[in-house]
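Chemist: For reference, this is structure.pdb, and it has PDB, C-alpha atoms.
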ATOM      1  CA  MET C 281      17.102  34.048 -15.375  1.00  0.00           C
ATOM      2  CA  PRO C 282      17.224  32.420 -11.926  1.00  0.00           C
ATOM      3  CA  ALA C 283      20.197  30.278 -11.045  1.00  0.00           C
ATOM      4  CA  MET C 284      19.673  26.545 -11.556  1.00  0.00           C
ATOM      5  CA  ASP C 285      20.290  26.008  -7.837  1.00  0.00           C
ATOM      6  CA  ASP C 286      17.277  28.230  -7.168  1.00  0.00           C
ATOM      7  CA  ALA C 287      15.103  26.196  -9.534  1.00  0.00           C
ATOM      8  CA  ALA C 288      16.323  22.903  -8.042  1.00  0.00           C
ATOM      9  CA  ALA C 289      15.613  24.161  -4.531  1.00  0.00           C
ATOM     10  CA  SER C 290      12.096  25.201  -5.601  1.00  0.00           C
ATOM     11  CA  ILE C 291      11.030  21.794  -6.956  1.00  0.00           C
ATOM     12  CA  ARG C 292       7.828  20.614  -5.293  1.00  0.00           C
ATOM     13  CA  HIS C 293       6.839  16.982  -4.906  1.00  0.00           C
ATOM     14  CA  ASP C 294       3.179  15.989  -4.776  1.00  0.00           C
ATOM     15  CA  PRO C 295       3.226  12.230  -4.075  1.00  0.00           C
ATOM     16  CA  ASP C 296      -0.577  11.973  -4.225  1.00  0.00           C
ATOM     17  CA  ALA C 297      -0.538  13.315  -7.793  1.00  0.00           C
ATOM     18  CA  GLY C 298       2.691  11.510  -8.743  1.00  0.00           C
ATOM     19  CA  ARG C 299       4.264  14.764  -9.787  1.00  0.00           C
ATOM     20  CA  PHE C 300       7.336  16.921  -9.380  1.00  0.00           C
ATOM     21  CA  SER C 301       7.005  20.531 -10.519  1.00  0.00           C
ATOM     22  CA  VAL C 302       8.786  23.849 -10.472  1.00  0.00           C
ATOM     23  CA  VAL C 303       7.800  27.355 -11.522  1.00  0.00           C
ATOM     24  CA  VAL C 304      10.493  29.413 -13.252  1.00  0.00           C
ATOM     25  CA  ASP C 305       9.749  32.934 -14.452  1.00  0.00           C
ATOM     26  CA  GLY C 306       6.050  32.279 -13.836  1.00  0.00           C
ATOM     27  CA  VAL C 307       6.002  29.160 -16.067  1.00  0.00           C
ATOM     28  CA  GLU C 308       5.514  25.654 -14.681  1.00  0.00           C
ATOM     29  CA  ALA C 309       7.540  22.591 -15.694  1.00  0.00           C
ATOM     30  CA  GLU C 310       6.660  19.081 -14.521  1.00  0.00           C
ATOM     31  CA  LEU C 311       7.635  15.448 -14.273  1.00  0.00           C
ATOM     32  CA  ASP C 312       4.819  12.896 -13.905  1.00  0.00           C
ATOM     33  CA  TYR C 313       5.315   9.410 -12.539  1.00  0.00           C
ATOM     34  CA  ARG C 314       3.449   6.424 -11.126  1.00  0.00           C
ATOM     35  CA  LEU C 315       4.567   4.370  -8.168  1.00  0.00           C
ATOM     36  CA  ASP C 316       3.763   0.655  -8.161  1.00  0.00           C
ATOM     37  CA  GLY C 317       5.141  -1.066  -5.095  1.00  0.00           C
ATOM     38  CA  ASP C 318       8.861  -0.380  -5.207  1.00  0.00           C
ATOM     39  CA  ARG C 319       8.953   0.798  -8.841  1.00  0.00           C
ATOM     40  CA  MET C 320       8.675   4.386 -10.050  1.00  0.00           C
ATOM     41  CA  THR C 321       7.671   4.727 -13.695  1.00  0.00           C
ATOM     42  CA  ILE C 322       8.441   8.158 -15.144  1.00  0.00           C
ATOM     43  CA  HIS C 323       5.815   8.924 -17.789  1.00  0.00           C
ATOM     44  CA  HIS C 324       6.466  12.489 -18.812  1.00  0.00           C
ATOM     45  CA  THR C 325       8.874  15.360 -18.351  1.00  0.00           C
ATOM     46  CA  GLY C 326       7.630  18.662 -19.702  1.00  0.00           C
ATOM     47  CA  VAL C 327       9.315  22.031 -19.893  1.00  0.00           C
ATOM     48  CA  PRO C 328       7.515  24.739 -21.883  1.00  0.00           C
ATOM     49  CA  GLU C 329       9.501  26.479 -24.619  1.00  0.00           C
ATOM     50  CA  ALA C 330       9.494  29.757 -22.659  1.00  0.00           C
ATOM     51  CA  ILE C 331      11.859  28.254 -20.059  1.00  0.00           C
ATOM     52  CA  ALA C 332      13.538  25.535 -22.136  1.00  0.00           C
ATOM     53  CA  GLY C 333      17.301  25.128 -22.396  1.00  0.00           C
ATOM     54  CA  ARG C 334      18.077  25.934 -18.773  1.00  0.00           C
ATOM     55  CA  GLY C 335      18.558  22.404 -17.410  1.00  0.00           C
ATOM     56  CA  ILE C 336      15.180  22.385 -15.694  1.00  0.00           C
ATOM     57  CA  ALA C 337      14.109  18.987 -17.025  1.00  0.00           C
ATOM     58  CA  GLY C 338      17.363  17.490 -15.763  1.00  0.00           C
ATOM     59  CA  GLU C 339      16.788  18.934 -12.314  1.00  0.00           C
ATOM     60  CA  LEU C 340      13.272  17.451 -12.268  1.00  0.00           C
ATOM     61  CA  VAL C 341      14.670  14.017 -13.187  1.00  0.00           C
ATOM     62  CA  ARG C 342      17.424  14.367 -10.575  1.00  0.00           C
ATOM     63  CA  ALA C 343      14.807  15.242  -7.912  1.00  0.00           C
ATOM     64  CA  ALA C 344      12.688  12.227  -8.861  1.00  0.00           C
ATOM     65  CA  LEU C 345      15.669   9.884  -8.759  1.00  0.00           C
ATOM     66  CA  ALA C 346      16.772  11.254  -5.396  1.00  0.00           C
ATOM     67  CA  ARG C 347      13.285  10.444  -4.102  1.00  0.00           C
ATOM     68  CA  ALA C 348      13.560   6.939  -5.589  1.00  0.00           C
ATOM     69  CA  ALA C 349      15.980   5.675  -2.930  1.00  0.00           C
ATOM     70  CA  GLY C 350      15.106   2.022  -2.432  1.00  0.00           C
ATOM     71  CA  TRP C 351      12.913   1.953  -5.548  1.00  0.00           C
ATOM     72  CA  LYS C 352      13.672   0.858  -9.068  1.00  0.00           C
ATOM     73  CA  VAL C 353      12.952   3.313 -11.881  1.00  0.00           C
ATOM     74  CA  ARG C 354      11.443   2.666 -15.288  1.00  0.00           C
ATOM     75  CA  ALA C 355      11.957   5.640 -17.590  1.00  0.00           C
ATOM     76  CA  GLU C 356       9.144   5.540 -20.176  1.00  0.00           C
ATOM     77  CA  CYS C 357       9.735   9.204 -20.968  1.00  0.00           C
ATOM     78  CA  ALA C 358      12.443   9.560 -23.646  1.00  0.00           C
ATOM     79  CA  TYR C 359      14.032  12.527 -21.887  1.00  0.00           C
ATOM     80  CA  SER C 360      14.371  10.802 -18.511  1.00  0.00           C
ATOM     81  CA  ASP C 361      15.694   7.643 -20.193  1.00  0.00           C
ATOM     82  CA  ALA C 362      18.369   9.641 -22.028  1.00  0.00           C
ATOM     83  CA  TRP C 363      19.214  11.635 -18.887  1.00  0.00           C
ATOM     84  CA  ILE C 364      19.814   8.482 -16.848  1.00  0.00           C
ATOM     85  CA  GLY C 365      21.970   7.159 -19.704  1.00  0.00           C
ATOM     86  CA  LYS C 366      24.176  10.254 -19.428  1.00  0.00           C
ATOM     87  CA  HIS C 367      24.491   9.941 -15.636  1.00  0.00           C
ATOM     88  CA  PRO C 368      25.895   6.477 -14.894  1.00  0.00           C
ATOM     89  CA  GLU C 369      25.671   7.042 -11.157  1.00  0.00           C
ATOM     90  CA  TYR C 370      21.888   6.474 -11.506  1.00  0.00           C
ATOM     91  CA  GLU C 371      22.024   3.365 -13.755  1.00  0.00           C
ATOM     92  CA  ALA C 372      21.663   1.016 -10.763  1.00  0.00           C
ATOM     93  CA  LEU C 373      18.158   2.425 -10.187  1.00  0.00           C
ATOM     94  CA  ARG C 374      16.857   1.158 -13.544  1.00  0.00           C
ATOM     95  CA  ALA C 375      14.072  -1.422 -13.315  1.00  0.00           C
TER
END
Here is the file; what I need is its structure written in the form of structure tokens.

Modeler:
Amino acid sequence: MPAMDDAAASIRHDPDAGRFSVVVDGVEAELDYRLDGDRMTIHHTGVPEAIAGRGIAGELVRAALARAAGWKVRAECAYSDAWIGKHPEYEALRA
């Protein structure tokens, strides 16, 4: 199992597709979002069962929020909403 720092460092951002993704052990996990003006809406965070339980979804959310500097964030995805709730340092980003 790769270290979480390795997975976090491997996260790719495709702004044209509105997507953050990472491949761990040959399996891809993703976070999909839409940007409207200065608001990022996170629609979906998906981590396949084969790589679940390693904190990958949290690292995807963290990467998206780091990119959101200057934007407000609307977490439509239940996972990202709960993650922000557990990390008060990101609450100010909520739209």

Chemist: Quick one: residues within 8 Å of Gly326 in chain C, only C-alpha atoms counted, chain neighbours fewer than 4 positions away excluded, as a ChimeraX atom specification?

Modeler: /C:309-311,337

Chemist: Just write the chosen residues, C-alpha atoms, as a PDB file, in the frame of the given file.

Modeler:
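Everything below was put into again17.pdb:
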ATOM      1  CA  ALA C 309       7.540  22.591 -15.694  1.00  0.00           C
ATOM      2  CA  GLU C 310       6.660  19.081 -14.521  1.00  0.00           C
ATOM      3  CA  LEU C 311       7.635  15.448 -14.273  1.00  0.00           C
ATOM      4  CA  ALA C 337      14.109  18.987 -17.025  1.00  0.00           C
TER       5      ALA C 337
END

Chemist: For Ala349 in chain C, find every residue with an atom within 10 Å (counting all atoms listed in the file), except residues of its own chain fewer than 5 positions away, and show them as a PyMOL selection string.

Modeler: chain C and resi 318+344+373

Chemist: Report as lines of an AutoDock Vina configuration file the centre and the edge lengths, in Å to one decimal, of the axis-aligned box holding every listed atom of range 307-310 of chain C, padded by 8 Å on each side.

Modeler:
center_x = 6.5
center_y = 24.1
center_z = -15.3
size_x = 18.0
size_y = 26.1
size_z = 17.5

Chemist: My list of candidates is C:Val304, C:Ala362, C:Ile291, C:Ala297. Which is closest to Ala332 in chain C when distances are computed with all atoms listed in the file?

Modeler: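 So, comparing all the options, the nearest one is C:Val304.
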
Chemist: If you measure from CA of Ala343 in chain C to CA of Ala358 in chain C, what distance in Å do you get, rounded to one decimal?

Modeler: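 These atoms are spaced 16.9 Å apart.
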
Chemist: Expanded to explicit residues, what is the PyMOL selection byres ((chain C and resi 300) around 7) for this file, as a ChimeraX atom specification?

Modeler: /C:291-294,299,301,310-312,340

Chemist: Given the file shown, determine the residues that the PyMOL selection byres ((chain C and resi 319) around 6) selects; report them as a PDB file with C-alpha atoms, in the coordinates of the input.

Modeler:
ATOM      1  CA  LEU C 315       4.567   4.370  -8.168  1.00  0.00           C
ATOM      2  CA  ASP C 316       3.763   0.655  -8.161  1.00  0.00           C
ATOM      3  CA  GLY C 317       5.141  -1.066  -5.095  1.00  0.00           C
ATOM      4  CA  ASP C 318       8.861  -0.380  -5.207  1.00  0.00           C
ATOM      5  CA  MET C 320       8.675   4.386 -10.050  1.00  0.00           C
ATOM      6  CA  TRP C 351      12.913   1.953  -5.548  1.00  0.00           C
ATOM      7  CA  LYS C 352      13.672   0.858  -9.068  1.00  0.00           C
ATOM      8  CA  VAL C 353      12.952   3.313 -11.881  1.00  0.00           C
TER       9      VAL C 353
END

Chemist: Which residues, protein or nucleic acid, reach to within 7 Å of (16.4, 3.4, -16.5) in the file's coordinates when using only C-alpha atoms, and can you give that as JSON, numbers by chain?

Modeler: {"C": [353, 354, 355, 361, 364, 371, 373, 374, 375]}

Chemist: Rounded to one decimal, what separation in Å do you get between CA of Asp305 in chain C and CA of Trp363 in chain C?

Modeler: 23.7 Å

Chemist: What does the distance between CA of His367 in chain C and CA of Pro328 in chain C come to in Å, to one decimal place?

Modeler: 23.4 Å

Chemist: So, with only C-alpha atoms as the atoms that count, which of C:Ala372, C:Ile336, C:Ile322, C:Ala330 lies closest to Glu356 in chain C?

Modeler: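 Of C:Ala372, C:Ile336, C:Ile322, C:Ala330, the one nearest Glu356 in chain C is C:Ile322, counting only C-alpha atoms.
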
Chemist: Give the answer as one residue: which of C:Ala289, C:Arg347, C:Ile331, C:Gly338 has the shortest atom-to-atom distance to Gly365 in chain C, using all atoms listed in the file?

Modeler: C:Gly338

Chemist: From the list C:Val341, C:Cys357, C:Val307, C:Pro295, which residue is nearest Tyr370 in chain C when using only C-alpha atoms?

Modeler: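 Among the listed residues, the smallest separation from Tyr370 in chain C belongs to C:Val341.
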